[in-house]
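Structure file upload12.cif; described as mmCIF, C-alpha atoms (C1' of nucleotides).
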data_upload
loop_
_atom_site.label_atom_id
_atom_site.label_comp_id
_atom_site.auth_asym_id
_atom_site.auth_seq_id
_atom_site.Cartn_x
_atom_site.Cartn_y
_atom_site.Cartn_z
CA MET W 5 -24.66 -23.71 34.71
CA ALA W 6 -26.09 -22.15 31.61
CA GLN W 7 -25.26 -24.97 29.25
CA ASP W 8 -27.13 -27.46 31.37
CA TRP W 9 -30.44 -25.71 30.98
CA ARG W 10 -29.96 -25.35 27.25
CA ALA W 11 -28.86 -28.94 26.86
CA ARG W 12 -31.76 -30.28 28.87
CA LYS W 13 -34.24 -28.20 26.91
CA ARG W 14 -32.77 -29.36 23.63
CA ALA W 15 -32.91 -32.95 24.78
CA ARG W 16 -36.54 -32.58 25.85
CA THR W 17 -37.54 -31.01 22.55
CA LYS W 18 -35.74 -33.71 20.59
CA GLU W 19 -37.44 -36.44 22.56
CA ALA W 20 -40.81 -34.77 22.15
CA ILE W 21 -40.39 -34.70 18.38
CA GLN W 22 -39.15 -38.28 18.23
CA HIS W 23 -41.95 -39.48 20.48
CA SER W 24 -44.67 -37.75 18.47
CA ALA W 25 -43.15 -39.00 15.24
CA LEU W 26 -43.04 -42.64 16.30
CA ARG W 27 -46.58 -42.46 17.62
CA LEU W 28 -47.85 -41.08 14.33
CA PHE W 29 -45.77 -43.46 12.22
CA LEU W 30 -47.15 -46.49 14.04
CA GLU W 31 -50.69 -45.18 13.88
CA HIS W 32 -50.89 -43.91 10.30
CA GLY W 33 -47.76 -45.22 8.64
CA TYR W 34 -44.52 -43.49 7.73
CA ASP W 35 -45.46 -42.09 4.34
CA ALA W 36 -48.87 -40.89 5.42
CA THR W 37 -47.34 -38.83 8.23
CA THR W 38 -46.04 -35.44 7.12
CA VAL W 39 -43.27 -33.57 8.87
CA ALA W 40 -45.67 -30.68 9.37
CA ARG W 41 -48.04 -32.99 11.25
CA ILE W 42 -45.23 -34.29 13.46
CA ALA W 43 -44.12 -30.76 14.25
CA GLU W 44 -47.66 -29.74 15.11
CA GLU W 45 -48.07 -32.76 17.39
CA ALA W 46 -44.82 -31.88 19.17
CA GLY W 47 -45.83 -28.24 19.46
CA VAL W 48 -43.06 -26.82 17.31
CA SER W 49 -42.72 -25.40 13.81
CA HIS W 50 -41.67 -27.60 10.93
CA MET W 51 -38.33 -25.76 10.78
CA THR W 52 -37.53 -26.77 14.33
CA PHE W 53 -38.04 -30.36 13.25
CA PHE W 54 -35.32 -30.04 10.62
CA ARG W 55 -33.00 -28.30 13.09
CA TYR W 56 -33.06 -31.46 15.20
CA PHE W 57 -33.24 -34.07 12.46
CA PRO W 58 -31.63 -33.45 9.09
CA THR W 59 -34.20 -35.65 7.36
CA LYS W 60 -37.51 -37.25 8.18
CA GLU W 61 -35.79 -40.62 8.11
CA ASP W 62 -33.38 -39.71 10.86
CA VAL W 63 -36.17 -39.52 13.44
CA VAL W 64 -36.37 -43.29 13.28
CA LEU W 65 -32.79 -44.13 12.39
CA SER W 66 -30.76 -42.16 14.88
CA ASP W 67 -29.24 -44.39 17.52
CA ASP W 68 -25.86 -44.56 19.18
CA TYR W 69 -24.94 -48.20 18.93
CA ASP W 70 -21.91 -47.58 16.72
CA PRO W 71 -19.63 -45.92 19.29
CA MET W 72 -20.52 -48.65 21.77
CA ILE W 73 -19.64 -51.45 19.35
CA GLU W 74 -16.38 -49.76 18.44
CA GLU W 75 -15.33 -49.50 22.08
CA LEU W 76 -16.25 -53.09 22.78
CA VAL W 77 -14.30 -54.37 19.78
CA ARG W 78 -11.21 -52.38 20.68
CA ALA W 79 -11.46 -53.67 24.23
CA ARG W 80 -11.07 -57.28 23.07
CA PRO W 81 -7.47 -58.56 23.10
CA THR W 82 -5.79 -58.28 19.70
CA SER W 83 -4.50 -61.80 20.19
CA GLU W 84 -7.96 -63.11 19.36
CA PRO W 85 -8.87 -63.76 15.72
CA PRO W 86 -10.73 -60.73 14.30
CA ILE W 87 -14.02 -62.52 13.79
CA GLU W 88 -13.97 -63.63 17.40
CA ARG W 89 -13.36 -60.08 18.62
CA VAL W 90 -16.35 -58.85 16.66
CA ARG W 91 -18.58 -61.75 17.68
CA ALA W 92 -17.84 -61.28 21.36
CA ALA W 93 -18.24 -57.50 21.21
CA ILE W 94 -21.58 -57.70 19.46
CA ALA W 95 -22.84 -60.41 21.81
CA GLN W 96 -21.86 -58.26 24.76
CA GLY W 97 -23.40 -55.03 23.48
CA LEU W 98 -26.49 -56.75 22.22
CA THR W 99 -27.51 -58.38 25.48
CA ALA W 100 -27.28 -54.97 27.16
CA VAL W 101 -29.54 -53.32 24.59
CA TYR W 102 -31.78 -56.35 24.29
CA THR W 103 -32.64 -56.83 27.93
CA ALA W 104 -33.37 -53.13 28.33
CA ASP W 105 -35.42 -52.34 25.20
CA GLN W 106 -36.58 -55.63 23.76
CA ASP W 107 -40.10 -54.50 22.83
CA ALA W 108 -39.06 -51.10 21.52
CA LEU W 109 -36.36 -52.78 19.46
CA LEU W 110 -38.84 -55.12 17.84
CA THR W 111 -41.34 -52.38 17.04
CA ARG W 112 -38.67 -50.16 15.60
CA THR W 113 -37.15 -52.96 13.54
CA ARG W 114 -40.55 -53.84 12.11
CA LEU W 115 -41.15 -50.22 11.11
CA LEU W 116 -37.72 -50.04 9.51
CA LEU W 117 -38.21 -53.20 7.47
CA GLU W 118 -41.74 -52.29 6.40
CA THR W 119 -40.86 -48.83 5.08
CA PRO W 120 -38.88 -48.64 1.83
CA ALA W 121 -37.44 -45.19 2.48
CA LEU W 122 -36.23 -46.29 5.91
CA ARG W 123 -34.90 -49.61 4.66
CA ALA W 124 -32.64 -47.90 2.15
CA ARG W 125 -31.11 -45.63 4.77
CA LEU W 126 -30.82 -48.54 7.20
CA TRP W 127 -28.70 -50.58 4.83
CA GLU W 128 -26.48 -47.59 4.27
CA ASN W 129 -26.01 -47.25 8.03
CA LEU W 130 -24.97 -50.87 8.16
CA HIS W 131 -22.23 -50.27 5.64
CA ALA W 132 -21.07 -47.36 7.75
CA THR W 133 -20.90 -49.82 10.65
CA GLN W 134 -18.83 -52.12 8.47
CA ARG W 135 -16.29 -49.38 7.82
CA LEU W 136 -16.20 -48.64 11.53
CA LEU W 137 -15.46 -52.28 12.28
CA GLU W 138 -12.70 -52.30 9.68
CA ARG W 139 -10.98 -49.42 11.44
CA ALA W 140 -11.50 -50.96 14.87
CA LEU W 141 -9.96 -54.25 13.74
CA ASP W 142 -7.01 -52.64 11.99
CA ASP W 143 -4.26 -52.12 14.56
CA THR W 144 -1.85 -50.57 12.08
CA ASP W 145 -4.44 -47.83 11.81
CA ALA W 146 -2.54 -45.39 9.60
CA THR W 147 -5.37 -42.90 10.16
CA GLY W 148 -6.31 -42.73 6.53
CA ALA W 149 -5.38 -45.93 4.82
CA THR W 150 -8.11 -48.46 4.15
CA ALA W 151 -7.92 -51.74 6.02
CA PRO W 152 -6.53 -54.80 4.20
CA LEU W 153 -9.03 -56.82 2.21
CA ARG W 154 -9.10 -59.66 4.72
CA LEU W 155 -10.31 -57.39 7.52
CA ARG W 156 -12.82 -55.70 5.26
CA VAL W 157 -14.34 -59.03 4.27
CA ILE W 158 -14.47 -60.16 7.88
CA ALA W 159 -16.12 -56.92 8.95
CA GLY W 160 -18.62 -57.21 6.11
CA ALA W 161 -19.47 -60.80 6.89
CA SER W 162 -19.98 -59.91 10.55
CA VAL W 163 -22.34 -57.05 9.82
CA SER W 164 -24.18 -59.25 7.36
CA ALA W 165 -24.55 -62.04 9.93
CA LEU W 166 -25.87 -59.62 12.52
CA THR W 167 -28.30 -58.09 10.04
CA THR W 168 -29.55 -61.46 8.88
CA ALA W 169 -30.18 -62.47 12.47
CA VAL W 170 -32.08 -59.28 13.26
CA VAL W 171 -34.19 -59.51 10.11
CA THR W 172 -35.02 -63.15 10.79
CA TRP W 173 -35.86 -62.29 14.38
CA ALA W 174 -38.25 -59.51 13.36
CA GLU W 175 -39.88 -61.62 10.64
CA ASN W 176 -40.57 -64.33 13.21
CA ASP W 177 -42.19 -61.89 15.65
CA GLY W 178 -39.33 -62.00 18.09
CA HIS W 179 -38.78 -65.76 18.29
CA PRO W 180 -36.40 -67.20 19.12
CA GLU W 181 -34.46 -64.76 21.30
CA LEU W 182 -32.28 -62.38 19.30
CA PRO W 183 -28.99 -63.11 21.10
CA GLN W 184 -29.43 -66.79 20.33
CA LEU W 185 -30.08 -66.07 16.66
CA VAL W 186 -27.00 -63.89 16.48
CA ASP W 187 -24.97 -66.71 18.04
CA GLU W 188 -26.28 -69.15 15.47
CA ALA W 189 -25.53 -66.76 12.63
CA PHE W 190 -21.92 -66.33 13.72
CA ALA W 191 -21.61 -70.07 14.23
CA VAL W 192 -22.54 -70.53 10.57
CA LEU W 193 -19.83 -68.07 9.57
CA GLU W 194 -17.21 -69.76 11.68
CA HIS W 195 -17.98 -73.46 11.17
CA GLN W 196 -20.70 -74.06 8.60
CA LEU W 197 -19.64 -72.12 5.59
CA HIS W 198 -18.87 -75.22 3.50
CA MET Y 12 -45.61 -56.37 -36.30
CA ALA Y 13 -47.09 -53.44 -34.44
CA GLN Y 14 -45.52 -54.24 -31.09
CA ASP Y 15 -42.04 -54.18 -32.54
CA TRP Y 16 -42.22 -50.56 -33.59
CA ARG Y 17 -43.60 -49.57 -30.19
CA ALA Y 18 -40.99 -51.57 -28.33
CA ARG Y 19 -38.12 -50.17 -30.37
CA LYS Y 20 -39.33 -46.60 -29.89
CA ARG Y 21 -39.67 -47.15 -26.16
CA ALA Y 22 -36.21 -48.61 -25.98
CA ARG Y 23 -34.75 -45.68 -27.91
CA THR Y 24 -36.46 -43.12 -25.69
CA LYS Y 25 -35.31 -44.92 -22.57
CA GLU Y 26 -31.73 -45.03 -23.77
CA ALA Y 27 -31.84 -41.37 -24.76
CA ILE Y 28 -32.97 -40.39 -21.27
CA GLN Y 29 -30.41 -42.62 -19.59
CA HIS Y 30 -27.64 -41.36 -21.83
CA SER Y 31 -28.45 -37.68 -21.26
CA ALA Y 32 -28.74 -38.29 -17.54
CA LEU Y 33 -25.37 -39.98 -17.18
CA ARG Y 34 -23.70 -37.31 -19.26
CA LEU Y 35 -25.11 -34.56 -17.06
CA PHE Y 36 -24.42 -36.42 -13.83
CA LEU Y 37 -20.77 -36.87 -14.72
CA GLU Y 38 -20.43 -33.28 -15.86
CA HIS Y 39 -22.28 -31.40 -13.11
CA GLY Y 40 -22.86 -33.99 -10.40
CA TYR Y 41 -25.97 -35.91 -9.46
CA ASP Y 42 -27.59 -33.44 -7.08
CA ALA Y 43 -26.92 -30.43 -9.27
CA THR Y 44 -28.75 -32.08 -12.17
CA THR Y 45 -32.51 -31.70 -12.08
CA VAL Y 46 -34.93 -34.11 -13.68
CA ALA Y 47 -36.31 -31.24 -15.72
CA ARG Y 48 -32.86 -30.60 -17.19
CA ILE Y 49 -32.41 -34.26 -18.07
CA ALA Y 50 -35.79 -34.35 -19.78
CA GLU Y 51 -34.98 -31.22 -21.74
CA GLU Y 52 -31.62 -32.66 -22.84
CA ALA Y 53 -33.35 -35.84 -24.01
CA GLY Y 54 -36.05 -33.84 -25.79
CA VAL Y 55 -38.99 -35.06 -23.71
CA SER Y 56 -41.18 -33.64 -20.98
CA HIS Y 57 -40.38 -34.28 -17.33
CA MET Y 58 -43.42 -36.54 -17.08
CA THR Y 59 -42.05 -38.83 -19.76
CA PHE Y 60 -38.96 -39.18 -17.62
CA PHE Y 61 -41.01 -40.53 -14.73
CA ARG Y 62 -42.91 -42.86 -17.03
CA TYR Y 63 -39.64 -44.61 -17.84
CA PHE Y 64 -37.91 -44.33 -14.46
CA PRO Y 65 -39.93 -44.34 -11.24
CA THR Y 66 -37.32 -42.19 -9.49
CA LYS Y 67 -34.32 -40.11 -10.45
CA GLU Y 68 -32.12 -42.72 -8.77
CA ASP Y 69 -33.31 -45.50 -11.03
CA VAL Y 70 -31.69 -43.93 -14.08
CA VAL Y 71 -28.35 -44.95 -12.64
CA LEU Y 72 -29.33 -48.03 -10.69
CA SER Y 73 -31.33 -50.06 -13.17
CA ASP Y 74 -29.40 -53.08 -14.38
CA ASP Y 75 -30.30 -56.69 -15.02
CA TYR Y 76 -27.58 -58.61 -13.27
CA ASP Y 77 -29.91 -60.26 -10.77
CA PRO Y 78 -31.72 -62.61 -13.16
CA MET Y 79 -28.38 -63.63 -14.62
CA ILE Y 80 -26.89 -64.44 -11.22
CA GLU Y 81 -29.98 -66.42 -10.25
CA GLU Y 82 -29.78 -68.55 -13.38
CA LEU Y 83 -26.10 -69.18 -12.93
CA VAL Y 84 -26.52 -70.24 -9.30
CA ARG Y 85 -29.37 -72.60 -10.09
CA ALA Y 86 -27.28 -74.08 -12.89
CA ARG Y 87 -24.56 -75.18 -10.47
CA PRO Y 88 -24.99 -78.76 -9.18
CA THR Y 89 -26.74 -78.91 -5.83
CA SER Y 90 -24.12 -81.40 -4.69
CA GLU Y 91 -21.67 -78.50 -4.27
CA PRO Y 92 -21.60 -76.63 -0.96
CA PRO Y 93 -23.77 -73.50 -1.22
CA ILE Y 94 -20.92 -71.02 -0.89
CA GLU Y 95 -19.13 -72.73 -3.75
CA ARG Y 96 -22.20 -72.53 -5.96
CA VAL Y 97 -22.46 -68.81 -5.36
CA ARG Y 98 -18.74 -68.19 -5.76
CA ALA Y 99 -18.59 -69.99 -9.07
CA ALA Y 100 -21.75 -68.35 -10.38
CA ILE Y 101 -20.56 -64.87 -9.52
CA ALA Y 102 -17.11 -65.48 -10.98
CA GLN Y 103 -18.71 -66.70 -14.17
CA GLY Y 104 -21.17 -63.84 -14.54
CA LEU Y 105 -18.64 -61.27 -13.52
CA THR Y 106 -16.02 -62.08 -16.11
CA ALA Y 107 -18.69 -61.75 -18.79
CA VAL Y 108 -19.77 -58.32 -17.61
CA TYR Y 109 -16.24 -57.25 -16.78
CA THR Y 110 -14.60 -57.98 -20.09
CA ALA Y 111 -17.41 -56.26 -21.96
CA ASP Y 112 -17.98 -53.11 -19.92
CA GLN Y 113 -14.97 -52.63 -17.70
CA ASP Y 114 -14.67 -48.86 -18.09
CA ALA Y 115 -18.39 -48.17 -17.91
CA LEU Y 116 -18.56 -50.34 -14.80
CA LEU Y 117 -15.86 -48.35 -13.08
CA THR Y 118 -17.37 -44.98 -13.94
CA ARG Y 119 -20.79 -46.06 -12.80
CA THR Y 120 -19.46 -47.57 -9.58
CA ARG Y 121 -17.61 -44.37 -8.77
CA LEU Y 122 -20.73 -42.32 -9.32
CA LEU Y 123 -22.74 -44.68 -7.11
CA LEU Y 124 -20.26 -44.55 -4.26
CA GLU Y 125 -19.80 -40.79 -4.44
CA THR Y 126 -23.49 -39.94 -4.27
CA PRO Y 127 -25.27 -40.46 -0.95
CA ALA Y 128 -28.73 -40.81 -2.44
CA LEU Y 129 -27.48 -43.45 -4.87
CA ARG Y 130 -25.44 -45.26 -2.24
CA ALA Y 131 -28.49 -45.76 -0.07
CA ARG Y 132 -30.50 -47.28 -2.88
CA LEU Y 133 -27.52 -49.37 -3.96
CA TRP Y 134 -27.18 -51.04 -0.58
CA GLU Y 135 -30.89 -51.80 -0.64
CA ASN Y 136 -30.49 -53.45 -4.03
CA LEU Y 137 -27.74 -55.59 -2.61
CA HIS Y 138 -30.00 -56.87 0.11
CA ALA Y 139 -32.56 -57.69 -2.55
CA THR Y 140 -29.81 -59.69 -4.25
CA GLN Y 141 -29.19 -61.47 -0.97
CA ARG Y 142 -32.83 -62.54 -0.75
CA LEU Y 143 -32.65 -63.71 -4.35
CA LEU Y 144 -29.61 -65.84 -3.55
CA GLU Y 145 -31.39 -67.31 -0.54
CA ARG Y 146 -34.20 -68.49 -2.75
CA ALA Y 147 -31.85 -69.78 -5.42
CA LEU Y 148 -29.90 -71.80 -2.87
CA ASP Y 149 -32.97 -73.23 -1.15
CA ASP Y 150 -34.01 -76.37 -3.01
CA THR Y 151 -36.97 -77.07 -0.76
CA ASP Y 152 -38.33 -73.81 -2.08
CA ALA Y 153 -41.80 -73.85 -0.54
CA THR Y 154 -42.62 -70.76 -2.61
CA GLY Y 155 -43.20 -68.53 0.37
CA ALA Y 156 -41.22 -69.84 3.29
CA THR Y 157 -38.00 -68.06 4.16
CA ALA Y 158 -34.80 -69.99 3.70
CA PRO Y 159 -33.14 -71.57 6.77
CA LEU Y 160 -30.77 -69.33 8.70
CA ARG Y 161 -27.67 -71.12 7.43
CA LEU Y 162 -28.46 -70.32 3.81
CA ARG Y 163 -29.40 -66.75 4.65
CA VAL Y 164 -26.07 -66.18 6.37
CA ILE Y 165 -24.18 -67.73 3.49
CA ALA Y 166 -26.05 -65.61 0.98
CA GLY Y 167 -25.41 -62.49 3.04
CA ALA Y 168 -21.72 -63.22 3.43
CA SER Y 169 -21.42 -63.82 -0.31
CA VAL Y 170 -23.08 -60.54 -1.25
CA SER Y 171 -20.96 -58.77 1.33
CA ALA Y 172 -17.75 -60.28 -0.05
CA LEU Y 173 -18.70 -59.26 -3.58
CA THR Y 174 -19.57 -55.75 -2.47
CA THR Y 175 -16.37 -55.33 -0.50
CA ALA Y 176 -14.37 -56.42 -3.52
CA VAL Y 177 -16.17 -53.99 -5.83
CA VAL Y 178 -15.80 -51.08 -3.42
CA THR Y 179 -12.11 -51.81 -2.91
CA TRP Y 180 -11.66 -52.06 -6.66
CA ALA Y 181 -13.32 -48.70 -7.30
CA GLU Y 182 -11.43 -47.01 -4.46
CA ASN Y 183 -8.15 -48.20 -5.98
CA ASP Y 184 -9.01 -46.86 -9.44
CA GLY Y 185 -9.55 -50.28 -10.93
CA HIS Y 186 -6.45 -52.08 -9.63
CA PRO Y 187 -6.02 -54.94 -9.28
CA GLU Y 188 -8.46 -56.59 -11.66
CA LEU Y 189 -11.95 -57.01 -10.22
CA PRO Y 190 -12.27 -60.77 -10.81
CA GLN Y 191 -9.07 -61.31 -8.88
CA LEU Y 192 -10.29 -59.18 -5.98
CA VAL Y 193 -13.55 -61.12 -5.89
CA ASP Y 194 -11.59 -64.36 -5.80
CA GLU Y 195 -9.51 -63.10 -2.91
CA ALA Y 196 -12.59 -61.95 -1.02
CA PHE Y 197 -14.25 -65.35 -1.31
CA ALA Y 198 -10.98 -67.03 -0.35
CA VAL Y 199 -11.06 -65.07 2.89
CA LEU Y 200 -14.60 -66.26 3.56
CA GLU Y 201 -13.74 -69.86 2.88
CA HIS Y 202 -10.31 -70.23 4.49
CA GLN Y 203 -9.21 -67.12 6.38
CA LEU Y 204 -12.07 -66.32 8.66
CA HIS Y 205 -10.19 -67.23 11.83
"C1'" DA R 21 -30.92 -2.90 32.75
"C1'" DC R 22 -28.39 -4.20 28.69
"C1'" DC R 23 -26.03 -7.13 25.54
"C1'" DA R 24 -24.72 -11.46 23.39
"C1'" DA R 25 -25.98 -16.11 22.20
"C1'" DC R 26 -29.14 -19.20 20.96
"C1'" DA R 27 -33.53 -21.46 20.11
"C1'" DT R 28 -37.47 -20.77 17.52
"C1'" DG R 29 -40.79 -18.87 14.13
"C1'" DT R 30 -42.12 -16.89 9.47
"C1'" DT R 31 -41.87 -16.71 4.80
"C1'" DA R 32 -40.65 -17.81 0.35
"C1'" DG R 33 -38.37 -20.53 -2.32
"C1'" DT R 34 -36.63 -25.28 -5.06
"C1'" DT R 35 -37.27 -29.95 -6.49
"C1'" DA R 36 -38.79 -34.70 -6.69
"C1'" DC R 37 -42.79 -36.91 -7.58
"C1'" DT R 38 -48.24 -37.68 -8.49
"C1'" DA R 39 -52.76 -37.30 -10.65
"C1'" DA R 40 -56.16 -35.79 -14.16
"C1'" DC R 41 -56.99 -34.60 -18.40
"C1'" DA R 42 -55.84 -33.39 -23.27
"C1'" DT R 43 -53.58 -34.48 -27.68
"C1'" DC R 44 -51.63 -36.91 -31.25
"C1'" DA R 45 -50.09 -40.71 -34.04
"C1'" DA R 46 -50.31 -45.18 -35.59
"C1'" DA R 47 -53.03 -50.01 -36.11
"C1'" DG R 48 -56.40 -52.50 -37.54
"C1'" DG R 49 -61.22 -53.57 -38.85
"C1'" DG R 50 -65.05 -52.38 -41.51
"C1'" DC V 2 -60.53 -45.04 -46.92
"C1'" DC V 3 -62.67 -43.69 -42.73
"C1'" DC V 4 -63.12 -44.59 -37.87
"C1'" DT V 5 -62.22 -46.41 -33.57
"C1'" DT V 6 -59.09 -47.87 -30.35
"C1'" DT V 7 -54.73 -47.96 -28.14
"C1'" DG V 8 -50.47 -46.32 -26.49
"C1'" DA V 9 -47.14 -42.62 -25.97
"C1'" DT V 10 -46.66 -38.00 -24.83
"C1'" DG V 11 -47.67 -33.29 -23.16
"C1'" DT V 12 -49.92 -29.78 -19.94
"C1'" DT V 13 -51.28 -28.29 -15.76
"C1'" DA V 14 -51.90 -28.24 -11.07
"C1'" DG V 15 -50.94 -30.14 -7.14
"C1'" DT V 16 -48.20 -32.25 -2.56
"C1'" DA V 17 -44.38 -32.67 0.53
"C1'" DA V 18 -39.51 -32.76 1.80
"C1'" DC V 19 -36.14 -29.83 2.36
"C1'" DT V 20 -33.29 -24.95 2.22
"C1'" DA V 21 -32.14 -20.09 3.00
"C1'" DA V 22 -32.89 -15.46 4.91
"C1'" DC V 23 -34.51 -12.91 8.15
"C1'" DA V 24 -37.28 -11.74 12.29
"C1'" DT V 25 -38.46 -12.55 17.14
"C1'" DG V 26 -38.16 -13.86 21.59
"C1'" DT V 27 -35.79 -15.84 25.64
"C1'" DT V 28 -32.00 -16.75 28.65
"C1'" DG V 29 -27.36 -15.86 30.98
"C1'" DG V 30 -23.70 -12.99 32.05
"C1'" DT V 31 -22.09 -8.27 33.01
#
I'd like the structure from this file rewritten - as structure tokens, please.
Amino acid sequence: MAQDWRARKRARTKEAIQHSALRLFLEHGYDATTVARIAEEAGVSHMTFFRYFPTKEDVVLSDDYDPMIEELVRARPTSEPPIERVRAAIAQGLTAVYTADQDALLTRTRLLLETPALRARLWENLHATQRLLERALDDTDATGATAPLRLRVIAGASVSALTTAVVTWAENDGHPELPQLVDEAFAVLEHQLH
Amino acid sequence: MAQDWRARKRARTKEAIQHSALRLFLEHGYDATTVARIAEEAGVSHMTFFRYFPTKEDVVLSDDYDPMIEELVRARPTSEPPIERVRAAIAQGLTAVYTADQDALLTRTRLLLETPALRARLWENLHATQRLLERALDDTDATGATAPLRLRVIAGASVSALTTAVVTWAENDGHPELPQLVDEAFAVLEHQLH
DNA sequence: ACCAACATGTTAGTTACTAACATCAAAGGG
DNA sequence: CCCTTTGATGTTAGTAACTAACATGTTGGT
């Protein structure tokens, strides 16, 4: 097939850029690394960089956890309380990611938290995840209407708990294990709020 | 005094810049308004702009709610459960701000939510507020140590509930009243999580 | 062999933001 | 009343992220 060759080449180029970028970011820092330098390192022009990543930040931020989480949440029975659906889905998805890429996840999280420009975009991504959870939890999904306040608050609290766990995990150099921290964070939400 | 004259002049210049900026943002949009144009409108050079606001975003984002919230939280008796301290403090501070600047608050919130660059920075500010709450709630404040996970989760959930309420309020053109929405959001956290 | 599609390069912008130096006005001491 | 110092502002010249327009090559189908 024709498309296959194209797709593979695109994927290779994208990975090359991402790889070079992360290498340079870790070695010299995010701000000190220019897009031109990344492009040079990856053997492309700086325009090619922007064809693959709309902004410099996206090289670090792009991941595809959101679709996975959405599927997992929708897969949980609607008879469960919403917070339980989210907790279980995140626990499930997280262990998959965690066992596979633990070290990479820690390095990337550190870079994200250390770099102001990346932090800002990261928080915005989290609020996008919140909106995604709202839609996934809302069965009466009238395709455009916003979810009721209760579901929005639950989605927000869940994202916040997850974030707090990840931040704490990174600040403590990866101890204790992230899935355990996430469990503890949700336990606080569910039983220790007062 | 000498300082008074200086301080007043600085304050006037700052307000002039902020005022011109908001006017232009509302009229032509954030991205379509250049810093140079704002400076011209305010009758200063573009460098003066950056001496008062480190970035273009800060013209819209700078407010001083955080110190107020911190004081109010610390003022609540430590015998109360943490979430109740935060809820009460926010309710208290909010009604003050709300009754005084309701319209301005709505306009500004709309602008913030409509503009991607501002949204990103806004979410980051909220996470700064979360860290502030963590410190305010932590009595054993060992000046550098991070708060225990329980308090971090509570602080995060509180900020998230407040944010969700504000966003919902702005999306519904200011109905119902913001303080009521905030109350409802915290009620969900405290009694409707399962 | 030729044509269409697509990835890439080149070039020339715009704009946020920084740094170095100049200017000007007011403050305060002699 | 001058003179020095200090703080606010302007000017100029840069850097770097991003955009738009157009050119070039490379691949796949006919």
For this session: On this file, the PyMOL selection byres ((chain V and resi 4) around 10) gives some set of residues; write that set as a ChimeraX atom specification.
Result: /R:49-50 /V:2-3,5-6
Quick one: contact table of segment 61-177 of chain Y to segment 31-44 of chain R, 12 Å max, nearest atom pair and distance in Å to one decimal per residue, counting all atoms listed in the file, chain and number order, as a Markdown table?
| residue | atom | partner | partner_atom | distance |
| --- | --- | --- | --- | --- |
| Y:Phe61 | CA | R:DC37 | C1' | 8.2 |
| Y:Arg62 | CA | R:DC37 | C1' | 11.2 |
| Y:Phe64 | CA | R:DC37 | C1' | 11.2 |
| Y:Pro65 | CA | R:DC37 | C1' | 8.8 |
| Y:Thr66 | CA | R:DC37 | C1' | 7.8 |
| Y:Lys67 | CA | R:DA36 | C1' | 8.0 |
| Y:Glu68 | CA | R:DA36 | C1' | 10.6 |
Exercise. What is the atom CA of Ala20 of chain W-atom CA of Leu65 of chain W distance in Å, reported with one decimal?
Worked result: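 Atom CA of Leu65 of chain W lies at a distance of 15.7 Å from atom CA of Ala20 of chain W.
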Exercise. To one decimal place, how far is atom CA of Gln141 of chain Y from atom CA of Leu136 of chain W in Å?
Worked result: 22.1 Å
Problem set entry | Explicit residues for the PyMOL selection byres ((chain V) within 10 of (chain Y)) (as a PyMOL selection string) | chain V and resi 8-12
File dump, residues just selected, C-alpha atoms (C1' of nucleotides), as a compact mmCIF listing (two decimals), in the frame of the given file:
# COMPACT_ATOMS: atom_id res chain seq x y z
C1' DG V 8 -50.47 -46.32 -26.49
C1' DA V 9 -47.14 -42.62 -25.97
C1' DT V 10 -46.66 -38.00 -24.83
C1' DG V 11 -47.67 -33.29 -23.16
C1' DT V 12 -49.92 -29.78 -19.94
Problem set entry | Separation of atom CA of Asp74 of chain Y from atom CA of Thr113 of chain W, in Å and rounded to one decimal |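 Rounded to one decimal, the two atoms are 29.0 Å apart.
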For chain R against chain W, with a cut-off of 9 Å and counting only C-alpha atoms (C1' of nucleotides), what is the closest atom pair and its distance in Å to one decimal for every residue that makes the cut, ordered by chain and number, as JSON lines?
{"residue": "R:DC26", "atom": "C1'", "partner": "W:Arg10", "partner_atom": "CA", "distance": 8.8}
{"residue": "R:DA27", "atom": "C1'", "partner": "W:Arg14", "partner_atom": "CA", "distance": 8.7}
{"residue": "R:DT28", "atom": "C1'", "partner": "W:Thr52", "partner_atom": "CA", "distance": 6.8}
{"residue": "R:DG29", "atom": "C1'", "partner": "W:Ser49", "partner_atom": "CA", "distance": 6.8}
Deliver the residues from the most recent selection as a file, using C-alpha atoms (C1' of nucleotides), as an mmCIF file, in the coordinates of the input.
data_model
loop_
_atom_site.group_PDB
_atom_site.id
_atom_site.type_symbol
_atom_site.label_atom_id
_atom_site.label_comp_id
_atom_site.auth_asym_id
_atom_site.auth_seq_id
_atom_site.Cartn_x
_atom_site.Cartn_y
_atom_site.Cartn_z
ATOM 1 C "C1'" DC R 26 -29.140 -19.200 20.960
ATOM 2 C "C1'" DA R 27 -33.530 -21.460 20.110
ATOM 3 C "C1'" DT R 28 -37.470 -20.770 17.520
ATOM 4 C "C1'" DG R 29 -40.790 -18.870 14.130
#
Exercise. Quick one: which residues end up in the PyMOL selection byres ((chain Y) within 8 of (chain W)) for this structure, as a list in words?
Worked result: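 For this structure, the PyMOL selection byres ((chain Y) within 8 of (chain W)) captures Pro92, Pro93, Ile94, Glu95, Arg130, Ala131, Arg132, Trp134, Glu135, His138, Leu160, Arg161, Arg163, Val164, Ile165, Gly167, Ala168, Ser171, Ala172, Thr175, Ala176, Thr179, Ala196, Val199, Leu200, Glu201, Gln203, Leu204 and His205 of chain Y.
For Asp150 of chain Y, the list of residues within 12 Å, based on all atoms listed in the file and with local chain neighbours fewer than 3 positions off taken out, reads Val84, Arg85, Pro88, Thr89, Ser90, Pro93, Leu144, Glu145, Arg146, Ala147, Ala153, Thr154, Ala156, Thr157, Ala158, Pro159 and Leu162 of chain Y.
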